[in-house]
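Heads up, the thing below is written out as structure tokens.
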Amino acid sequence: RKESSAASDVYKRQGVQLGNKNLRWNPKMKKYIFGKRDSIHIIDLTQTLELTNVALEKVYNTILNNGKILFVSTKKQASEAIAEVAKDTGQYFVNYRWLGGMLTNWGTISGSIKKMKKYESDLVAENRGFTKKELLKMSVKKDKLERSLGGISEMKKVPDLVFIIDTNYESLAIQESVKLGIPIIAILDSNSNPDGIDFPIPGNDDARRAIDLYCNLVKETIENAKKEALSKTEDKPEVEAVKSKSKEKSTKTVQELDREKLDAKFSKKKKEKLN
């Protein structure tokens, strides 16, 4: 209880409980709303704490099983924060603009990524043989592609989990994730649409302090999962060594038994000859 009370205080200090004005709300969010204060909806932090733990457990298990997470938020307040957490933890992100088909039409998107990488290599190569005008054009095209695709340039397949801040902004990303059956974690403000969200976290999706809190919690969870995954792989060779030793032992024993049988056979024959 003390722990949840302390966590609740942290959430309050970051303004997680503050929803939008009464007029700007989605009735589908009713079950997550505690009440109203000064014409602003107050989100039920008890549910927020419980659901955050459920969502973080999903993040943990995804990373533990070598899965990858795609962070999505193109809104100004969150775009920098999600890019930072994705880069720091080796995940993927989209923070400029969601291009239609980013998940459902991966073939076309990966073609654009190849084009972007080609521009990059052409721009850094020596003896390029391009005019200044051509290089400038190339640079502009590369920058344009990088803004939209830079965060997923190393993504080889669709992600195992999608983390979204502001479902109203990212409705396209939600549609595509749902279509492909990719689980979604999303921060849901009082004006959000909770449809299609597998792991909802009711909370303020506008305040930078609240956004930083969500990102730090996810970052910490990913790092802890990576540590456990690493310790498991380090333990594996020891287990394998023990297994191979016991295997050697058992083969050795079988060989020794065979030798004993042969020795016994020959000594019996010798005795018979002597008699």
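Residue numbering restarts at 1 for every chain of the structure tokens, chains are lettered A, B, ... in their displayed order, and ligands are numbered from 1 as they appear.
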
TODO: List every residue of range 121-228 of chain A that DSSP, applied to the backbone, labels as alpha helix (DSSP H), and write the result as a PyMOL selection string.
DONE: chain A and resi 121-124+132-149+171-180+208-228

Interface rows for range 10-109 of chain A against range 141-155 of chain A: nearest pair, Å to one decimal, 9 Å, only C-alpha atoms, as CSV:
residue,atom,partner,partner_atom,distance
A:Lys68,CA,A:Met155,CA,8.9
A:Leu70,CA,A:Ile152,CA,8.2
A:Ala83,CA,A:Gly151,CA,7.5
A:Ala86,CA,A:Gly151,CA,8.3
A:Lys87,CA,A:Gly151,CA,8.3
A:Gln91,CA,A:Gly151,CA,8.5
A:Tyr92,CA,A:Ile152,CA,5.3
A:Phe93,CA,A:Gly151,CA,4.7
A:Val94,CA,A:Gly151,CA,5.8
A:Asn95,CA,A:Ser148,CA,7.4
A:Tyr96,CA,A:Ser148,CA,5.5
A:Arg97,CA,A:Ser148,CA,5.7
A:Trp98,CA,A:Ser148,CA,7.2
A:Leu99,CA,A:Ser148,CA,7.5
A:Ile109,CA,A:Leu149,CA,8.3

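Secondary structure of range 116-232 of chain A, strand (DSSP E) only (DSSP, backbone atoms): Leu161, Val162, Phe163, Ile164, Ile165, Ile184, Ile185, Ala186, Ile187, Leu188, Phe199, Pro200, Ile201 and Pro202 of chain A.
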
Dump N, CA, C and O atoms for the selected residues as a compact mmCIF listing (two decimals), in the first residue's frame?
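So the final result, stored in result-v3.txt, reads:
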# COMPACT_ATOMS: atom_id res chain seq x y z
N LEU A 161 5.44 -5.29 -30.62
CA LEU A 161 4.60 -4.47 -29.74
C LEU A 161 4.68 -3.02 -30.20
O LEU A 161 5.73 -2.56 -30.64
N VAL A 162 3.55 -2.32 -30.10
CA VAL A 162 3.52 -0.90 -30.48
C VAL A 162 3.14 -0.08 -29.24
O VAL A 162 2.20 -0.43 -28.53
N PHE A 163 3.88 1.00 -28.99
CA PHE A 163 3.62 1.88 -27.85
C PHE A 163 3.24 3.26 -28.39
O PHE A 163 4.01 3.88 -29.10
N ILE A 164 2.02 3.71 -28.07
CA ILE A 164 1.49 4.95 -28.65
C ILE A 164 1.16 6.00 -27.59
O ILE A 164 0.58 5.68 -26.55
N ILE A 165 1.54 7.24 -27.89
CA ILE A 165 1.12 8.36 -27.06
C ILE A 165 0.23 9.24 -27.93
O ILE A 165 0.68 9.78 -28.94
N ILE A 184 -1.05 -3.47 -28.77
CA ILE A 184 -0.83 -2.02 -28.61
C ILE A 184 -0.92 -1.61 -27.15
O ILE A 184 -1.89 -1.95 -26.46
N ILE A 185 0.09 -0.85 -26.71
CA ILE A 185 0.03 -0.15 -25.42
C ILE A 185 -0.21 1.31 -25.79
O ILE A 185 0.44 1.83 -26.69
N ALA A 186 -1.15 1.97 -25.12
CA ALA A 186 -1.39 3.39 -25.44
C ALA A 186 -1.74 4.20 -24.21
O ALA A 186 -2.42 3.71 -23.30
N ILE A 187 -1.25 5.43 -24.18
CA ILE A 187 -1.64 6.39 -23.14
C ILE A 187 -2.98 6.96 -23.57
O ILE A 187 -3.11 7.47 -24.69
N LEU A 188 -3.99 6.86 -22.70
CA LEU A 188 -5.33 7.31 -23.05
C LEU A 188 -5.75 8.49 -22.19
O LEU A 188 -5.93 8.36 -20.98
N PHE A 199 -3.48 -2.78 -24.22
CA PHE A 199 -2.94 -2.43 -22.91
C PHE A 199 -3.08 -0.92 -22.69
O PHE A 199 -2.18 -0.15 -22.97
N PRO A 200 -4.27 -0.50 -22.19
CA PRO A 200 -4.50 0.94 -22.01
C PRO A 200 -3.83 1.47 -20.73
O PRO A 200 -3.78 0.77 -19.72
N ILE A 201 -3.31 2.70 -20.80
CA ILE A 201 -2.80 3.39 -19.61
C ILE A 201 -3.52 4.74 -19.56
O ILE A 201 -3.18 5.66 -20.30
N PRO A 202 -4.58 4.86 -18.72
CA PRO A 202 -5.29 6.14 -18.66
C PRO A 202 -4.39 7.21 -18.03
O PRO A 202 -3.84 7.00 -16.96

Contact residues around Glu134 in chain A with only C-alpha atoms at 12 Å, ignoring same-chain residues under 5 positions, as a compact mmCIF listing (two decimals) with N, CA and C atoms, in the first residue's frame:
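Okay, selection.txt is ready:
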# COMPACT_ATOMS: atom_id res chain seq x y z
N TYR A 119 20.91 7.29 -50.89
CA TYR A 119 21.24 8.72 -50.86
C TYR A 119 22.35 8.98 -49.85
N ASP A 122 25.69 7.75 -51.20
CA ASP A 122 26.12 8.60 -52.32
C ASP A 122 26.66 9.95 -51.82
N LEU A 123 26.03 10.46 -50.77
CA LEU A 123 26.43 11.77 -50.25
C LEU A 123 27.76 11.74 -49.50
N ARG A 128 32.31 11.23 -56.20
CA ARG A 128 30.92 10.90 -56.46
C ARG A 128 30.50 11.16 -57.91
N GLY A 129 31.09 12.15 -58.50
CA GLY A 129 30.75 12.47 -59.89
C GLY A 129 29.42 13.18 -60.03
N SER A 139 20.35 15.58 -51.05
CA SER A 139 20.36 15.87 -49.62
C SER A 139 18.96 16.21 -49.11
N VAL A 140 18.23 16.99 -49.88
CA VAL A 140 16.85 17.37 -49.52
C VAL A 140 15.96 16.12 -49.46
N LYS A 141 16.09 15.27 -50.50
CA LYS A 141 15.29 14.03 -50.56
C LYS A 141 15.63 13.10 -49.39

Task: Residue neighbourhood Glu228 in chain A, 12 Å, only C-alpha atoms, exclusion window fewer than 3 positions, as number ranges by chain - done: A: 60-61, 63-66, 221-225, 231-235

Those residues with all heavy atoms, as a CSV table (one decimal), in the first residue's frame please?
chain,number,residue,atom,x,y,z
A,60,TYR,N,8.2,-5.9,-20.7
A,60,TYR,CA,9.3,-6.7,-20.1
A,60,TYR,C,9.4,-8.1,-20.8
A,60,TYR,O,10.4,-8.5,-21.3
A,60,TYR,CB,9.0,-7.0,-18.6
A,60,TYR,CG,10.2,-7.5,-17.9
A,60,TYR,CD1,11.2,-6.7,-17.3
A,60,TYR,CD2,10.4,-8.9,-17.7
A,60,TYR,CE1,12.2,-7.2,-16.6
A,60,TYR,CE2,11.4,-9.4,-17.0
A,60,TYR,CZ,12.4,-8.6,-16.5
A,60,TYR,OH,13.4,-9.1,-15.8
A,61,ASN,N,8.2,-8.7,-20.9
A,61,ASN,CA,8.2,-10.1,-21.6
A,61,ASN,C,8.5,-10.0,-23.1
A,61,ASN,O,9.2,-10.9,-23.6
A,61,ASN,CB,6.8,-10.7,-21.4
A,61,ASN,CG,6.6,-11.1,-19.9
A,61,ASN,OD1,7.5,-11.4,-19.2
A,61,ASN,ND2,5.4,-11.0,-19.5
A,63,ILE,N,10.7,-7.9,-24.5
A,63,ILE,CA,12.1,-7.7,-24.6
A,63,ILE,C,12.8,-9.0,-24.2
A,63,ILE,O,13.8,-9.4,-24.8
A,63,ILE,CB,12.6,-6.5,-23.8
A,63,ILE,CG1,12.0,-5.2,-24.3
A,63,ILE,CG2,14.1,-6.4,-23.8
A,63,ILE,CD1,12.3,-4.8,-25.7
A,64,LEU,N,12.3,-9.7,-23.2
A,64,LEU,CA,12.9,-10.9,-22.7
A,64,LEU,C,12.9,-12.0,-23.7
A,64,LEU,O,13.8,-12.8,-23.8
A,64,LEU,CB,12.1,-11.4,-21.4
A,64,LEU,CG,12.8,-12.4,-20.5
A,64,LEU,CD1,14.1,-11.8,-19.9
A,64,LEU,CD2,11.9,-12.8,-19.4
A,65,ASN,N,11.9,-12.0,-24.6
A,65,ASN,CA,11.7,-12.9,-25.7
A,65,ASN,C,12.3,-12.4,-27.0
A,65,ASN,O,11.8,-12.8,-28.1
A,65,ASN,CB,10.3,-13.4,-25.8
A,65,ASN,CG,9.8,-14.1,-24.6
A,65,ASN,OD1,10.4,-15.1,-24.2
A,65,ASN,ND2,8.7,-13.7,-24.1
A,66,ASN,N,13.3,-11.5,-26.9
A,66,ASN,CA,13.9,-10.9,-28.1
A,66,ASN,C,13.0,-10.2,-29.0
A,66,ASN,O,13.3,-10.1,-30.3
A,66,ASN,CB,14.7,-12.0,-28.9
A,66,ASN,CG,15.8,-12.6,-28.1
A,66,ASN,OD1,16.5,-11.9,-27.4
A,66,ASN,ND2,16.0,-13.9,-28.1
A,221,THR,N,12.1,-0.5,-17.7
A,221,THR,CA,11.6,-1.8,-17.8
A,221,THR,C,12.4,-2.6,-18.9
A,221,THR,O,12.8,-3.7,-18.8
A,221,THR,CB,10.1,-1.8,-18.2
A,221,THR,OG1,9.4,-1.1,-17.2
A,221,THR,CG2,9.5,-3.2,-18.3
A,222,ILE,N,12.7,-1.9,-20.0
A,222,ILE,CA,13.4,-2.5,-21.2
A,222,ILE,C,14.8,-2.9,-20.7
A,222,ILE,O,15.3,-4.0,-21.0
A,222,ILE,CB,13.5,-1.6,-22.4
A,222,ILE,CG1,12.1,-1.4,-23.0
A,222,ILE,CG2,14.4,-2.1,-23.4
A,222,ILE,CD1,11.9,-0.4,-24.1
A,223,GLU,N,15.5,-1.9,-20.0
A,223,GLU,CA,16.8,-2.2,-19.5
A,223,GLU,C,16.9,-3.3,-18.6
A,223,GLU,O,17.8,-4.2,-18.6
A,223,GLU,CB,17.4,-0.9,-18.9
A,223,GLU,CG,17.8,0.2,-19.9
A,223,GLU,CD,18.1,1.5,-19.3
A,223,GLU,OE1,17.9,1.7,-18.1
A,223,GLU,OE2,18.6,2.4,-20.1
A,224,ASN,N,15.9,-3.4,-17.7
A,224,ASN,CA,15.9,-4.6,-16.7
A,224,ASN,C,15.7,-5.9,-17.4
A,224,ASN,O,16.3,-6.9,-17.1
A,224,ASN,CB,14.8,-4.4,-15.7
A,224,ASN,CG,15.1,-3.3,-14.7
A,224,ASN,OD1,16.3,-2.9,-14.5
A,224,ASN,ND2,14.1,-2.7,-14.1
A,225,ALA,N,14.8,-5.9,-18.4
A,225,ALA,CA,14.5,-7.1,-19.2
A,225,ALA,C,15.8,-7.5,-20.0
A,225,ALA,O,16.1,-8.7,-20.1
A,225,ALA,CB,13.4,-6.9,-20.2
A,231,SER,N,21.8,-12.2,-18.6
A,231,SER,CA,22.2,-13.2,-17.6
A,231,SER,C,21.8,-14.6,-17.9
A,231,SER,O,22.5,-15.6,-17.7
A,231,SER,CB,21.7,-12.8,-16.2
A,231,SER,OG,20.3,-13.0,-16.2
A,232,LYS,N,20.7,-14.7,-18.6
A,232,LYS,CA,20.2,-16.1,-19.1
A,232,LYS,C,21.2,-16.6,-20.1
A,232,LYS,O,21.5,-17.8,-20.1
A,232,LYS,CB,18.8,-16.0,-19.6
A,232,LYS,CG,17.7,-16.1,-18.6
A,232,LYS,CD,16.4,-16.1,-19.2
A,232,LYS,CE,15.3,-16.3,-18.2
A,232,LYS,NZ,13.9,-16.4,-18.7
A,233,THR,N,21.6,-15.8,-21.1
A,233,THR,CA,22.5,-16.3,-22.1
A,233,THR,C,23.9,-16.6,-21.5
A,233,THR,O,24.6,-17.5,-22.0
A,233,THR,CB,22.7,-15.3,-23.3
A,233,THR,OG1,23.0,-14.0,-22.7
A,233,THR,CG2,21.4,-15.1,-24.1
A,234,GLU,N,24.3,-15.8,-20.5
A,234,GLU,CA,25.6,-16.1,-19.8
A,234,GLU,C,25.5,-17.4,-19.1
A,234,GLU,O,26.5,-18.1,-19.0
A,234,GLU,CB,25.9,-15.0,-18.9
A,234,GLU,CG,26.5,-13.8,-19.7
A,234,GLU,CD,26.7,-12.5,-18.8
A,234,GLU,OE1,26.3,-12.6,-17.6
A,234,GLU,OE2,27.2,-11.5,-19.3
A,235,ASP,N,24.4,-17.7,-18.5
A,235,ASP,CA,24.2,-19.0,-17.8
A,235,ASP,C,24.2,-20.2,-18.7
A,235,ASP,O,24.5,-21.3,-18.3
A,235,ASP,CB,22.9,-19.0,-16.9
A,235,ASP,CG,23.0,-18.0,-15.8
A,235,ASP,OD1,24.2,-17.6,-15.5
A,235,ASP,OD2,22.0,-17.6,-15.2

- [ ] Would you mind telling me which residue in A:Thr131, A:Trp25, A:Ile113, A:Ile69 lies nearest to Thr89 in chain A when using only C-alpha atoms?
- [x] A:Ile69

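Candidate residues A:Met138, A:Val72, A:Leu103, A:Ile174 were compared for distance to Lys115 in chain A, and the nearest is A:Met138, using only C-alpha atoms.
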
TODO: Skip Arg208 in chain A itself and residues of its chain fewer than 4 positions away, then list as a PyMOL selection string all residues within 9 Å of it, counting only C-alpha atoms.
DONE: chain A and resi 14+77-78+81+212-213

- [ ] Might you pull out every residue within 8 Å of range 28-37 of chain A, with only C-alpha atoms counted and same-chain residues fewer than 3 positions away left off, and present them as a VMD selection string?
- [x] chain A and resid 22 25 40 to 44 47 190 to 194 202

TODO: Would you work out the distance separating CA of Glu170 in chain A from CA of Thr74 in chain A, expressed in Å to one decimal?
DONE: 7.6 Å
